[in-house]
$ cat coords_10.csv   # CSV, C-alpha atoms
chain,number,residue,atom,x,y,z
A,1,MET,CA,0.0,0.0,0.0
A,2,SER,CA,1.5,3.3,-1.1
A,3,THR,CA,2.3,6.2,1.2
A,4,GLN,CA,0.0,8.4,-0.8
A,5,ALA,CA,-2.9,6.0,-0.4
A,6,LEU,CA,-2.5,6.1,3.4
A,7,ARG,CA,-2.3,9.9,3.6
A,8,MET,CA,-4.4,11.3,6.4
A,9,PRO,CA,-6.2,14.7,6.6
A,10,ARG,CA,-4.7,17.6,8.4
A,11,SER,CA,-6.8,16.7,11.5
A,12,GLY,CA,-4.2,13.9,12.2
A,13,PHE,CA,-6.8,11.1,11.9
A,14,GLY,CA,-4.7,7.9,12.1
A,15,ARG,CA,-4.8,4.2,12.8
A,16,GLY,CA,-5.6,4.7,16.5
A,17,HIS,CA,-8.7,6.7,15.6
A,18,VAL,CA,-9.9,3.9,13.3
A,19,HIS,CA,-9.4,1.3,15.9
A,20,ALA,CA,-11.3,3.5,18.5
A,21,VAL,CA,-14.3,3.8,16.1
A,22,ALA,CA,-14.3,0.0,15.4
A,23,GLY,CA,-14.0,-0.8,19.1
A,24,CYS,CA,-16.8,1.5,20.0
A,25,TYR,CA,-19.0,-0.1,17.4
A,26,PHE,CA,-18.2,-3.6,18.8
A,27,VAL,CA,-19.2,-2.8,22.4
A,28,ALA,CA,-22.3,-0.9,21.3
A,29,SER,CA,-23.4,-3.8,19.2
A,30,PHE,CA,-23.6,-6.3,22.1
A,31,ALA,CA,-27.3,-5.8,22.9
A,32,ALA,CA,-28.4,-5.3,19.3
A,33,LEU,CA,-26.7,-8.5,18.1
A,34,GLY,CA,-26.7,-10.7,21.2
A,35,LEU,CA,-30.2,-10.3,22.6
A,36,PRO,CA,-32.5,-10.9,19.6
A,37,PRO,CA,-31.8,-14.7,19.5
A,38,TYR,CA,-33.4,-14.8,23.0
A,39,LEU,CA,-36.7,-13.2,22.1
A,40,THR,CA,-38.4,-16.5,22.6
A,41,GLU,CA,-37.4,-16.3,26.2
A,42,ILE,CA,-38.1,-12.6,26.6
A,43,LEU,CA,-41.6,-12.4,25.2
A,44,PRO,CA,-43.3,-14.8,27.6
A,45,GLU,CA,-42.3,-12.4,30.4
A,46,LEU,CA,-44.3,-9.7,28.6
A,47,GLY,CA,-47.5,-11.7,28.1
A,48,ASP,CA,-46.7,-13.4,24.7
A,49,HIS,CA,-46.5,-16.9,26.3
A,50,ARG,CA,-45.9,-18.7,23.0
A,51,ALA,CA,-43.6,-16.0,21.7
A,52,ARG,CA,-45.7,-15.8,18.5
A,53,TRP,CA,-44.4,-12.3,17.8
A,54,ALA,CA,-40.7,-13.2,18.0
A,55,GLY,CA,-40.3,-13.4,14.2
A,56,VAL,CA,-41.9,-10.0,13.6
A,57,LEU,CA,-40.0,-8.3,16.5
A,58,TYR,CA,-36.7,-9.7,15.3
A,59,VAL,CA,-36.9,-7.6,12.2
A,60,VAL,CA,-38.5,-4.5,13.7
A,61,PRO,CA,-35.2,-2.7,14.4
A,62,THR,CA,-33.9,-3.6,11.0
A,63,VAL,CA,-37.0,-2.2,9.2
A,64,PHE,CA,-37.0,1.1,11.0
A,65,GLY,CA,-33.2,1.3,10.8
A,66,ALA,CA,-33.4,1.0,7.1
A,67,LEU,CA,-36.0,3.8,6.9
A,68,GLY,CA,-34.0,6.2,9.1
A,69,ALA,CA,-30.4,5.5,7.8
A,70,PRO,CA,-30.6,7.8,4.7
A,71,LEU,CA,-32.0,10.7,6.6
A,72,TRP,CA,-29.4,10.4,9.4
A,73,GLY,CA,-26.7,10.2,6.8
A,74,ARG,CA,-27.7,13.4,5.1
A,75,LEU,CA,-28.0,15.2,8.5
A,76,ALA,CA,-24.5,14.0,9.3
A,77,ASP,CA,-23.1,15.6,6.1
A,78,ARG,CA,-24.9,18.8,7.1
A,79,TYR,CA,-24.4,19.1,10.8
A,80,GLY,CA,-21.2,17.0,11.5
A,81,ARG,CA,-20.4,13.3,11.3
A,82,LYS,CA,-19.0,13.1,14.9
A,83,ARG,CA,-22.2,14.8,16.3
A,84,LEU,CA,-24.4,12.3,14.5
A,85,LEU,CA,-22.3,9.3,15.5
A,86,LEU,CA,-22.6,10.4,19.1
A,87,ARG,CA,-26.4,10.7,18.5
A,88,ALA,CA,-26.5,7.1,17.3
A,89,GLN,CA,-24.7,5.7,20.3
A,90,LEU,CA,-26.9,7.7,22.7
A,91,GLY,CA,-30.0,6.7,20.8
A,92,LEU,CA,-29.1,3.1,21.3
A,93,ALA,CA,-28.6,3.6,25.0
A,94,VAL,CA,-32.1,5.2,25.4
A,95,ALA,CA,-33.7,2.4,23.4
A,96,PHE,CA,-32.0,-0.3,25.4
A,97,LEU,CA,-33.0,1.3,28.7
A,98,LEU,CA,-36.6,1.4,27.6
A,99,ALA,CA,-36.5,-2.2,26.4
A,100,GLY,CA,-35.0,-3.4,29.7
A,101,TRP,CA,-37.6,-1.5,31.8
A,102,ALA,CA,-40.6,-2.4,29.6
A,103,ASP,CA,-43.4,-4.2,31.4
A,104,SER,CA,-45.6,-4.8,28.4
A,105,LEU,CA,-45.3,-6.1,24.9
A,106,VAL,CA,-46.4,-2.7,23.5
A,107,THR,CA,-43.7,-0.8,25.4
A,108,PHE,CA,-41.0,-3.4,24.4
A,109,THR,CA,-42.1,-3.0,20.7
A,110,VAL,CA,-41.8,0.8,21.0
A,111,ALA,CA,-38.3,0.3,22.4
A,112,LEU,CA,-37.3,-1.9,19.4
A,113,VAL,CA,-38.8,0.7,17.0
A,114,LEU,CA,-36.7,3.4,18.7
A,115,GLN,CA,-33.6,1.2,18.5
A,116,GLY,CA,-34.0,1.1,14.7
A,117,ILE,CA,-34.8,4.8,14.3
A,118,LEU,CA,-32.3,6.2,16.8
A,119,GLY,CA,-29.5,3.7,16.3
A,120,GLY,CA,-27.7,3.2,13.0
A,121,THR,CA,-24.2,3.1,14.6
A,122,PHE,CA,-22.7,1.1,11.7
A,123,ALA,CA,-23.7,3.6,9.0
A,124,ALA,CA,-22.8,6.5,11.3
A,125,SER,CA,-19.4,5.0,12.0
A,126,ASN,CA,-18.7,4.4,8.3
A,127,GLY,CA,-19.8,8.0,7.4
A,128,TYR,CA,-17.4,9.3,10.0
A,129,LEU,CA,-14.6,7.2,8.6
A,130,GLY,CA,-15.5,8.2,5.0
A,131,ALA,CA,-15.1,11.8,5.9
A,132,ALA,CA,-11.5,11.3,7.2
A,133,LEU,CA,-10.1,8.6,4.8
A,134,GLN,CA,-10.2,7.6,1.2
A,135,GLY,CA,-9.1,4.9,-1.2
A,136,PRO,CA,-7.3,1.8,0.3
A,137,ALA,CA,-7.1,3.4,3.7
A,138,LEU,CA,-10.9,3.8,3.8
A,139,SER,CA,-11.6,0.3,2.4
A,140,LYS,CA,-9.2,-1.2,5.0
A,141,ALA,CA,-11.0,0.7,7.8
A,142,LEU,CA,-14.4,-0.5,6.5
A,143,THR,CA,-13.0,-4.1,6.5
A,144,LEU,CA,-12.1,-3.6,10.1
A,145,MET,CA,-15.6,-2.3,10.9
A,146,GLN,CA,-17.0,-5.5,9.4
A,147,GLY,CA,-14.6,-7.5,11.6
A,148,SER,CA,-16.1,-5.7,14.6
A,149,ALA,CA,-19.6,-6.7,13.5
A,150,ARG,CA,-18.5,-10.4,12.9
A,151,ALA,CA,-16.8,-10.5,16.3
A,152,ALA,CA,-19.9,-9.1,18.1
A,153,LEU,CA,-22.1,-11.6,16.2
A,154,VAL,CA,-20.0,-14.4,17.5
A,155,VAL,CA,-19.2,-13.2,21.1
A,156,ALA,CA,-22.4,-11.4,22.1
A,157,PRO,CA,-24.9,-14.4,22.1
A,158,ILE,CA,-22.4,-16.4,24.1
A,159,VAL,CA,-22.0,-13.6,26.7
A,160,VAL,CA,-25.7,-13.1,26.9
A,161,GLY,CA,-26.3,-16.8,27.4
A,162,SER,CA,-23.7,-16.9,30.1
A,163,LEU,CA,-25.3,-14.0,32.0
A,164,SER,CA,-28.8,-15.5,31.8
A,165,GLY,CA,-28.2,-17.6,34.9
A,166,TRP,CA,-28.0,-14.4,36.9
A,167,LEU,CA,-30.0,-11.9,34.9
A,168,SER,CA,-32.8,-12.6,32.4
A,169,PRO,CA,-32.1,-11.6,28.8
A,170,HIS,CA,-35.0,-9.1,29.1
A,171,ARG,CA,-33.3,-7.1,31.9
A,172,GLN,CA,-29.9,-7.4,30.2
A,173,TYR,CA,-31.1,-4.8,27.8
A,174,ALA,CA,-31.0,-2.2,30.6
A,175,LEU,CA,-27.6,-3.5,31.8
A,176,LEU,CA,-26.1,-3.4,28.3
A,177,ALA,CA,-27.2,0.1,27.8
A,178,VAL,CA,-24.0,1.0,29.6
A,179,LEU,CA,-22.0,-0.1,26.6
A,180,PRO,CA,-23.2,2.5,24.0
A,181,LEU,CA,-23.0,5.2,26.8
A,182,THR,CA,-19.4,4.2,27.3
A,183,ALA,CA,-18.8,4.2,23.6
A,184,ALA,CA,-20.2,7.8,23.3
A,185,LEU,CA,-17.9,9.0,26.0
A,186,LEU,CA,-14.9,7.5,24.2
A,187,LEU,CA,-16.0,8.9,20.8
A,188,ALA,CA,-16.4,12.4,22.3
A,189,ALA,CA,-12.6,12.6,22.5
A,190,LEU,CA,-12.1,11.9,18.8
A,191,PRO,CA,-11.7,14.8,16.3
A,192,GLU,CA,-14.3,16.0,13.9
A,193,PRO,CA,-13.0,14.7,10.5
A,194,GLU,CA,-11.9,17.3,8.0
A,195,PRO,CA,-11.9,17.0,4.2
A,196,VAL,CA,-9.3,14.5,2.9
A,197,GLU,CA,-6.4,15.9,1.0
A,198,GLN,CA,-6.2,14.5,-2.5
A,199,PRO,CA,-3.0,12.6,-3.2
A,200,GLN,CA,-0.5,14.6,-5.3
A,201,GLY,CA,-0.1,13.5,-8.9
A,202,GLU,CA,-3.2,11.2,-8.9
A,203,PRO,CA,-4.8,11.3,-12.4
A,204,GLU,CA,-8.2,13.0,-12.5
A,205,THR,CA,-9.9,10.0,-14.1
A,206,ASP,CA,-8.8,7.7,-11.3
A,207,ARG,CA,-10.6,10.0,-8.8
A,208,THR,CA,-13.8,10.6,-10.7
A,209,THR,CA,-14.5,7.3,-12.5
A,210,PRO,CA,-15.7,4.7,-10.0
A,211,MET,CA,-15.1,1.0,-10.4
A,212,VAL,CA,-18.8,0.4,-10.4
A,213,PRO,CA,-21.8,2.8,-10.6
A,214,LEU,CA,-23.4,3.6,-7.2
A,215,LYS,CA,-26.6,1.9,-8.2
A,216,THR,CA,-24.6,-1.3,-8.9
A,217,LEU,CA,-23.0,-1.1,-5.5
A,218,TYR,CA,-26.5,-0.8,-3.9
A,219,ALA,CA,-27.7,-3.8,-5.9
A,220,LEU,CA,-24.7,-5.9,-4.9
A,221,GLU,CA,-25.1,-5.0,-1.3
A,222,PHE,CA,-28.8,-6.0,-1.3
A,223,ALA,CA,-28.1,-9.3,-3.1
A,224,PHE,CA,-25.1,-10.1,-0.8
A,225,VAL,CA,-27.0,-9.5,2.4
A,226,PHE,CA,-30.1,-11.4,1.1
A,227,SER,CA,-28.1,-14.5,0.0
A,228,THR,CA,-26.1,-14.7,3.3
A,229,VAL,CA,-28.6,-13.6,6.0
A,230,ILE,CA,-31.3,-15.9,4.7
A,231,SER,CA,-29.4,-18.9,6.1
A,232,PHE,CA,-29.1,-17.5,9.6
A,233,PRO,CA,-32.6,-17.9,11.2
A,234,TYR,CA,-33.2,-21.6,10.5
A,235,LEU,CA,-29.6,-23.0,10.5
A,236,ILE,CA,-30.0,-24.6,13.9
A,237,ALA,CA,-33.2,-26.3,12.7
A,238,LEU,CA,-31.3,-27.5,9.6
A,239,VAL,CA,-28.5,-28.9,11.7
A,240,ASP,CA,-31.0,-30.8,13.9
A,241,ASP,CA,-32.7,-32.1,10.8
A,242,ARG,CA,-29.4,-33.4,9.3
A,243,LEU,CA,-27.7,-34.5,12.5
A,244,PRO,CA,-30.3,-35.3,15.1
A,245,GLY,CA,-29.0,-35.0,18.7
A,246,THR,CA,-26.4,-32.3,17.9
A,247,SER,CA,-25.6,-30.4,21.1
A,248,PRO,CA,-26.4,-26.7,21.3
A,249,ALA,CA,-22.7,-25.9,21.7
A,250,LEU,CA,-21.8,-27.7,18.5
A,251,SER,CA,-24.7,-26.0,16.6
A,252,GLY,CA,-23.4,-22.6,17.9
A,253,VAL,CA,-19.9,-23.4,16.6
A,254,LEU,CA,-21.3,-24.3,13.2
A,255,PHE,CA,-23.2,-21.1,13.1
A,256,ALA,CA,-20.1,-19.1,14.0
A,257,LEU,CA,-17.7,-20.7,11.5
A,258,PRO,CA,-18.2,-18.3,8.5
A,259,HIS,CA,-17.8,-15.3,10.8
A,260,LEU,CA,-14.6,-16.8,12.3
A,261,VAL,CA,-13.3,-17.3,8.7
A,262,TYR,CA,-13.8,-13.5,8.2
A,263,LEU,CA,-12.0,-12.6,11.4
A,264,VAL,CA,-9.0,-14.8,10.5
A,265,SER,CA,-8.6,-13.9,6.8
A,266,ALA,CA,-10.2,-10.5,6.1
A,267,LEU,CA,-7.1,-8.4,6.1
A,268,ALA,CA,-5.2,-10.9,3.9
A,269,VAL,CA,-8.1,-11.0,1.4
A,270,HIS,CA,-8.1,-7.2,1.4
A,271,SER,CA,-4.5,-7.1,0.4
A,272,ALA,CA,-5.1,-9.7,-2.4
A,273,PHE,CA,-8.3,-8.1,-3.9
A,274,ARG,CA,-8.1,-4.4,-3.2
A,275,ASP,CA,-7.1,-3.8,-6.8
A,276,ARG,CA,-9.5,-6.3,-8.4
A,277,PRO,CA,-12.8,-6.2,-6.3
A,278,ARG,CA,-15.0,-7.1,-9.3
A,279,ALA,CA,-13.3,-10.5,-9.5
A,280,GLY,CA,-13.5,-10.9,-5.8
A,281,ILE,CA,-17.2,-10.2,-5.8
A,282,ALA,CA,-17.9,-12.7,-8.5
A,283,PHE,CA,-15.7,-15.3,-6.7
A,284,GLY,CA,-17.4,-14.6,-3.4
A,285,PHE,CA,-20.9,-15.0,-4.7
A,286,ALA,CA,-19.8,-18.3,-6.4
A,287,CYS,CA,-18.5,-19.6,-3.1
A,288,ILE,CA,-21.8,-18.5,-1.4
A,289,ALA,CA,-23.9,-20.3,-4.0
A,290,LEU,CA,-21.9,-23.5,-3.8
A,291,GLY,CA,-21.7,-23.3,0.0
A,292,LEU,CA,-25.4,-22.8,0.5
A,293,ALA,CA,-26.2,-25.5,-2.1
A,294,GLY,CA,-24.0,-27.8,-0.1
A,295,HIS,CA,-26.0,-27.1,3.0
A,296,GLY,CA,-29.1,-28.6,1.3
A,297,VAL,CA,-27.4,-32.0,0.7
A,298,ALA,CA,-24.9,-32.2,3.6
A,299,GLY,CA,-25.6,-35.3,5.7
A,300,SER,CA,-22.5,-35.5,8.0
A,301,LEU,CA,-20.7,-33.3,10.4
A,302,THR,CA,-17.6,-33.2,8.2
A,303,THR,CA,-19.6,-32.1,5.2
A,304,LEU,CA,-21.4,-29.4,7.2
A,305,ILE,CA,-18.1,-28.1,8.4
A,306,ALA,CA,-16.8,-28.0,4.9
A,307,VAL,CA,-19.8,-26.1,3.4
A,308,ARG,CA,-19.8,-23.7,6.4
A,309,LEU,CA,-16.1,-22.9,5.7
A,310,LEU,CA,-16.9,-22.5,2.0
A,311,LEU,CA,-19.7,-20.1,2.9
A,312,GLY,CA,-17.2,-18.3,5.2
A,313,ALA,CA,-14.8,-17.8,2.2
A,314,GLY,CA,-17.7,-16.3,0.2
A,315,LEU,CA,-18.7,-14.1,3.1
A,316,THR,CA,-15.2,-12.8,3.5
A,317,LEU,CA,-14.7,-12.1,-0.2
A,318,GLY,CA,-18.0,-10.4,-0.5
A,319,LEU,CA,-17.7,-8.2,2.5
A,320,VAL,CA,-14.1,-7.2,1.8
A,321,CYS,CA,-14.7,-6.4,-1.9
A,322,LEU,CA,-17.9,-4.5,-1.2
A,323,SER,CA,-15.8,-2.4,1.3
A,324,VAL,CA,-13.3,-1.7,-1.5
A,325,LEU,CA,-16.1,-0.7,-3.9
A,326,ALA,CA,-17.8,1.4,-1.3
A,327,ALA,CA,-14.6,3.3,-0.5
A,328,ASP,CA,-14.1,3.9,-4.3
A,329,CYS,CA,-17.7,5.2,-4.7
A,330,ALA,CA,-17.2,7.5,-1.7
A,331,ARG,CA,-14.6,9.6,-3.6
A,332,GLY,CA,-16.1,13.0,-4.2
A,333,ARG,CA,-19.4,12.2,-2.5
A,334,ALA,CA,-20.9,13.3,0.9
A,335,PRO,CA,-20.0,10.1,2.9
A,336,GLY,CA,-22.9,10.4,5.3
A,337,GLY,CA,-25.6,10.3,2.7
A,338,MET,CA,-23.9,7.6,0.7
A,339,PHE,CA,-23.3,5.2,3.6
A,340,GLY,CA,-26.7,5.9,4.9
A,341,SER,CA,-28.3,4.9,1.6
A,342,LEU,CA,-26.0,1.8,1.5
A,343,GLU,CA,-27.2,0.8,4.9
A,344,PHE,CA,-30.8,1.1,3.7
A,345,PHE,CA,-30.2,-1.4,0.9
A,346,SER,CA,-28.3,-3.7,3.4
A,347,LYS,CA,-31.1,-3.7,5.9
A,348,ALA,CA,-33.7,-4.1,3.1
A,349,GLY,CA,-31.8,-7.2,2.0
A,350,ALA,CA,-31.9,-8.5,5.6
A,351,VAL,CA,-35.7,-7.9,5.9
A,352,ALA,CA,-36.3,-9.6,2.5
A,353,ALA,CA,-34.2,-12.5,3.6
A,354,GLY,CA,-36.1,-12.9,6.8
A,355,VAL,CA,-39.4,-13.0,5.0
A,356,ALA,CA,-38.2,-15.4,2.4
A,357,ALA,CA,-36.6,-17.7,5.0
A,358,ALA,CA,-39.9,-17.8,7.0
A,359,ALA,CA,-42.1,-18.4,4.0
A,360,GLY,CA,-39.7,-21.0,2.4
A,361,SER,CA,-39.1,-22.9,5.7
A,362,ALA,CA,-42.9,-23.1,6.4
A,363,ARG,CA,-43.7,-24.4,2.9
A,364,PHE,CA,-40.7,-26.6,2.1
A,365,GLY,CA,-38.8,-27.3,5.3
A,366,PRO,CA,-35.5,-26.1,6.9
A,367,ALA,CA,-33.4,-26.6,3.8
A,368,ALA,CA,-35.5,-24.1,1.7
A,369,PRO,CA,-33.7,-20.9,3.0
A,370,VAL,CA,-30.2,-22.1,2.0
A,371,LEU,CA,-31.4,-23.2,-1.4
A,372,ILE,CA,-33.2,-19.9,-2.0
A,373,GLY,CA,-30.1,-18.0,-0.9
A,374,GLY,CA,-27.8,-20.2,-3.1
A,375,THR,CA,-30.0,-19.5,-6.1
A,376,ALA,CA,-29.9,-15.8,-5.5
A,377,ALA,CA,-26.1,-15.9,-5.2
A,378,ALA,CA,-25.8,-17.9,-8.4
A,379,VAL,CA,-28.0,-15.4,-10.3
A,380,THR,CA,-25.8,-12.6,-9.0
A,381,VAL,CA,-22.7,-14.3,-10.2
A,382,LEU,CA,-24.1,-14.5,-13.7
A,383,ALA,CA,-25.2,-10.9,-13.6
A,384,THR,CA,-21.8,-9.7,-12.4
A,385,LEU,CA,-20.0,-11.7,-15.0
A,386,LEU,CA,-22.2,-10.4,-17.8
A,387,THR,CA,-21.9,-6.8,-16.5
A,388,THR,CA,-18.1,-7.1,-16.5
A,389,LEU,CA,-18.0,-8.6,-20.0
A,390,ASN,CA,-20.2,-5.8,-21.4
A,391,HIS,CA,-17.9,-3.2,-19.6
A,392,ARG,CA,-14.8,-4.7,-21.2
A,393,THR,CA,-16.5,-4.9,-24.6
A,394,ARG,CA,-17.4,-1.2,-24.5
A,395,ARG,CA,-13.8,-0.3,-23.4
A,396,SER,CA,-12.3,-2.3,-26.3
A,397,ARG,CA,-14.4,-0.4,-28.8

$ encode --input "coords_10.csv" --output "structure tokens"
Amino acid sequence: MSTQALRMPRSGFGRGHVHAVAGCYFVASFAALGLPPYLTEILPELGDHRARWAGVLYVVPTVFGALGAPLWGRLADRYGRKRLLLRAQLGLAVAFLLAGWADSLVTFTVALVLQGILGGTFAASNGYLGAALQGPALSKALTLMQGSARAALVVAPIVVGSLSGWLSPHRQYALLAVLPLTAALLLAALPEPEPVEQPQGEPETDRTTPMVPLKTLYALEFAFVFSTVISFPYLIALVDDRLPGTSPALSGVLFALPHLVYLVSALAVHSAFRDRPRAGIAFGFACIALGLAGHGVAGSLTTLIAVRLLLGAGLTLGLVCLSVLAADCARGRAPGGMFGSLEFFSKAGAVAAGVAAAAGSARFGPAAPVLIGGTAAAVTVLATLLTTLNHRTRRSR
């Protein structure tokens, strides 16, 4: 990575600041990522004895987060990225406190709605970083941010489960509100990012012509989230169907494997594909398609481990290369608005995946979600390859 590519703005924004933002996102994500799997235990305390609303409430923060993300992004560009990042952390704290104190299903639902509307820490963090960094430095920072999300997704449910013997998951919402409050205090010490200096001698066409159009980035984000998230809700049921008697601990390890692959290999993948993200995206979707198809036919623990690792390779390639493309599209754009809109399409993909997983599983069984996701990934591979071929044909003319 060249010295020019790593140049920071006059505000002195450096590696330590990036790590601070990623660390604050990690701790603030604990309740948001660790507690939803326990909704079936929380809702009976609030009067929903059969937890019939668990599926709906699972996606409520996502839906309202998608609706609010573009607006918060534009406000960040207008009033300051640091200010809106602090707002997101404090908004999470308020929502978690209300959820932990809720004594009815209605109040708890309102808290989840507020979590979606007032939260948005991931988009706010990316917008903050996008105002301070550019090019490979920004894509590497976004890769680190995804690592924080993967780590929280792996660690948070384990911590919540361990604490459940002393404090119910419902009341843990109030306890874990301390984490975004702490993150806000730490972020308050960071500088407001200033406009990034353009590297000297960089050709104008390199700065103004993105690798992919912004609409293509949004479409790839939606397709990627849809094809990967669709396998999450019913994976445990699929494992039980394929391997009856599997322990909850082993099922949890199988669930975490793709995310662990990302944590181990993301930075190496970034170094290998930062100059060829189109190829990485196509390869990633191919791995996702094959991995999810393998889930549908896997009949042994060894096979399940293999297809989970293959899915992890696709997850890593997709996330890293999408970060590279997002950093490239952010050049010359207001980062808050762009990353807010990107978050909208990401959350829209997650909501669509949840609906498709529920409908498919109810109609065709626990293998349906992985087969639907694999088909979506395969279609995206073909669309990506055709788009790349057309792009090369036009350039050759």

$ closest_atom_pairs --input "coords_10.csv" --of "stretch 215-255 of chain A" --to "stretch 326-334 of chain A" --cutoff "10 Å" --atoms "all atoms listed in the file" --output "CSV"
residue,atom,partner,partner_atom,distance
A:Leu217,CA,A:Ala326,CA,7.1
A:Tyr218,CA,A:Ala326,CA,9.3
A:Glu221,CA,A:Ala326,CA,9.7

$ residues_around --input "coords_10.csv" --residues "A:Ala177" --least-positions-apart "3" --cutoff "8 Å" --atoms "only C-alpha atoms" --output "MDAnalysis selection string"
chainID A and resid 31 92:94 96:97 173:174 180:181

$ closest_residue --input "coords_10.csv" --among "A:Val18, A:Val160, A:Leu386, A:Val269" --to "A:Leu138" --atoms "only C-alpha atoms"
A:Val18

$ residues_near_point --input "coords_10.csv" --point "(-22.6, -15.5, 0.2)" --cutoff "6 Å" --atoms "all atoms listed in the file" --output "MDAnalysis selection string"
chainID A and resid 227:228 285 288 314:315

$ closest_residue --input "coords_10.csv" --among "A:Ala376, A:Ala95, A:Asn126, A:Ala352" --to "A:Ser139" --atoms "only C-alpha atoms"
A:Asn126

$ residues_around --input "coords_10.csv" --residues "A:Leu292" --least-positions-apart "5" --cutoff "7 Å" --atoms "all atoms listed in the file" --output "list of chain:residue names"
A:Leu311, A:Val370, A:Leu371, A:Gly373, A:Gly374

$ residues_around --input "coords_10.csv" --residues "stretch 301-304 of chain A" --least-positions-apart "3" --cutoff "10 Å" --atoms "all atoms listed in the file" --output "list of chain:residue names"
A:Val239, A:Arg242, A:Leu243, A:Thr246, A:Leu250, A:Leu254, A:Gly291, A:Gly294, A:His295, A:Gly296, A:Val297, A:Ala298, A:Val307, A:Arg308, A:Leu309, A:Leu310

$ atom_distance --input "coords_10.csv" --atom1 "atom CA of A:Ile158" --atom2 "atom CA of A:Ile42"
16.3 Å

$ residues_near_point --input "coords_10.csv" --point "(-31.8, -7.2, 8.5)" --cutoff "10 Å" --atoms "all atoms listed in the file" --output "PyMOL selection string"
chain A and resi 58-63+65-66+225-226+229-230+343-354
